[in-house]
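Student: Dumping the structure here so I can ask a few things about it.
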Amino acid sequence: MKTDDQFSTQAIDAAIKIGAVALLVFWCFSILRPFIMLLVWGAIIATALYPLAVSIHTRIGMSLTKASVLLSGIGVVILLVPLIALSTGIYTSAADVIVGLQEGTLSVPKPDPAMKAWPLVGEKLYAFVDSASVNLKGVLVQYAEPLKEFGGTMAGLIGSLGLGFVQFIISTMIAGAFMANAEKCEQVFQAVADRLTGKHGEQLTKLSKTTVRSVVQGVIGVAVIQSVFAGIGMVFAGVPAIALWMVAVLLIAIIQLPPIIALLIPIFIVFGTQSTVVAVLFLIWCLLVSASDAVLKPVLLSRGSETPMLVILLGALGGMAMSGIVGLFVGAVVLSLAYQLGTVWLGNEAGESK
């Protein structure tokens, strides 16, 4: 009887402790929930850039803390430039359109007849632009609802893009703090891994760093390179709204689809507005940019563990559906990391069972 009473007391005591811990974890999660994605992306950036901070520390003699702050500051400046340019461009363009409508000076140039040759949309688009060039107010009245819906969609897209830049800036600042305390962060991660897996904490910590850097270099890095080179080509070809097309190339490349998909409309625009020579050269450039991942990915991915492209695709799409643009990047890395850790863990379990 006494044994039963002791067991009941211990069970109640354990239940109270588990409930208290669960409640505390739930509260902490609720408090940090708005920042979890930013913290995770900051940790990913820190893991990817930390070797560069160490290199600066070794070569220049700058402390790791200062090198981390320097890298974080450079990243913030790089992100601020397109954010300011995007905001300024939108404000200026919107102001010009409003003033033009009010004063009756807004006009649409006559479309190039070559636009008719565009596949699928050429004839209709040419007719629409031609009508707008003759009677803009009539077209605005006739297509008021579709234009309103299109404007709302574009406003949402641009707002999401701007919010994404702000989130990237905050995550870059967080990454600087993580890099400045890299050793402590690694010790905590390894301690948690040891607690969960027993004796494999160090192995899983090394694998985590390798996987994160591999995906950032081989997937996100390649996408950034392709986006930049696509932007360079669009500058020389005179494509409007270059920043938006660069973002489209970046997103398409991250989800493991050919970047040429995002460049089809710019190609049509160039063929309709530029000379044949310029258009053909731009088309060749776009094809080279789209095919460059065949060379870049083996070089960059070879530095780390390999992850199936399907895992990266699902991670990117799922992350974007969950958390927008930032989730696109975080999802690809986190799911790849989970895949690699799960593979190693299952391998270790199978090895220990023999």
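Residue numbering restarts at 1 for every chain of the structure tokens, chains are lettered A, B, ... in their displayed order, and ligands are numbered from 1 as they appear.
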Hey, could you make a per-residue contact list for segment 21-43 of chain A against segment 168-181 of chain A with 6 Å as the cut-off, showing the nearest pair of atoms and its distance in Å to one decimal, counting only C-alpha atoms, sorted by chain and number, as JSON lines?

Tutor:
```
{"residue": "A:Leu38", "atom": "CA", "partner": "A:Ser171", "partner_atom": "CA", "distance": 5.2}
{"residue": "A:Gly42", "atom": "CA", "partner": "A:Ala175", "partner_atom": "CA", "distance": 4.3}
{"residue": "A:Ala43", "atom": "CA", "partner": "A:Ala175", "partner_atom": "CA", "distance": 5.8}
```

Student: Using only N, CA and C atoms, please write the residues we just selected to a file, as a tab-separated table (two decimals), in the first residue's frame.

Tutor:
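That gives us part_30.tsv:
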```tsv
chain	number	residue	atom	x	y	z
A	38	LEU	N	12.85	35.30	-38.26
A	38	LEU	CA	13.97	36.23	-38.36
A	38	LEU	C	15.19	35.67	-37.62
A	42	GLY	N	18.60	34.69	-39.36
A	42	GLY	CA	19.82	35.30	-38.83
A	42	GLY	C	20.87	34.26	-38.50
A	43	ALA	N	20.44	33.14	-37.90
A	43	ALA	CA	21.37	32.06	-37.58
A	43	ALA	C	21.96	31.44	-38.84
```

Student: Set the distance at 12 Å and use only C-alpha atoms: which residues neighbour Val166 of chain A once local chain neighbours fewer than 5 positions away are removed? I'd like the list as a ChimeraX atom specification.

Tutor: /A:38,76-77,79-84,87,159-161,171-173,325-326

Student: What does the distance between atom CA of Val270 of chain A and atom CA of Ser133 of chain A come to in Å, to one decimal place?

Tutor: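 Atom CA of Val270 of chain A sits 19.4 Å away from atom CA of Ser133 of chain A.
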
Student: Among segment 94-313 of chain A, which ones does DSSP place in helix (DSSP H, G or I), written as a PyMOL selection string?

Tutor: chain A and resi 94-103+113-117+122-134+136-142+144-180+182-197+201-237+242-254+260-273+276-291+293-301+309-313

Student: Using only C-alpha atoms, which of A:Val212, A:Ala230, A:Val239, A:Ile267 sits nearest Ala253 of chain A?

Tutor: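 Closest residue, counting only C-alpha atoms: A:Ala230.
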
Student: Could you tell me how far atom CA of Lys206 of chain A lies from atom CA of Ala332 of chain A, in Å and to one decimal?

Tutor: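 Separation between atom CA of Lys206 of chain A and atom CA of Ala332 of chain A: 18.8 Å.
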
Student: Write out as a VMD selection string each polymer residue whose atoms come within 10 Å of Leu244 of chain A, counting only C-alpha atoms; drop sequence neighbours fewer than 6 positions from it.

Tutor: chain A and resid 86 157 to 158 161 231 250

Student: Hey, can you spit out that residue selection with C-alpha atoms as an mmCIF file, in the first residue's frame?

Tutor:
```cif
data_model
loop_
_atom_site.group_PDB
_atom_site.id
_atom_site.type_symbol
_atom_site.label_atom_id
_atom_site.label_comp_id
_atom_site.auth_asym_id
_atom_site.auth_seq_id
_atom_site.Cartn_x
_atom_site.Cartn_y
_atom_site.Cartn_z
ATOM 1 C CA LEU A 86 12.514 50.659 -54.808
ATOM 2 C CA LEU A 157 3.481 42.206 -54.328
ATOM 3 C CA ILE A 158 5.535 45.370 -53.915
ATOM 4 C CA LEU A 161 8.853 42.710 -51.402
ATOM 5 C CA GLY A 231 20.136 42.300 -64.059
ATOM 6 C CA LEU A 250 16.065 34.940 -57.723
#
```

Student: Between A:Ala241, A:Val334, A:Ala132, A:Leu263, which one has atoms that come closest to Arg213 of chain A, using only C-alpha atoms?

Tutor: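 Closest to Arg213 of chain A, using only C-alpha atoms: A:Val334.
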
Student: Given the choices A:Ile252, A:Ile261, A:Leu207, A:Ala20, which gets closest to Val219 of chain A if the distance is worked out from only C-alpha atoms?

Tutor: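 When distances to Val219 of chain A are compared using only C-alpha atoms, the smallest one comes from A:Ile252.
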
Student: Excluding same-chain residues fewer than 6 positions from Ala182 of chain A, what lies within 9 Å of it counting only C-alpha atoms, as a list in words?

Tutor: Ala46, Thr47 and Tyr50 of chain A
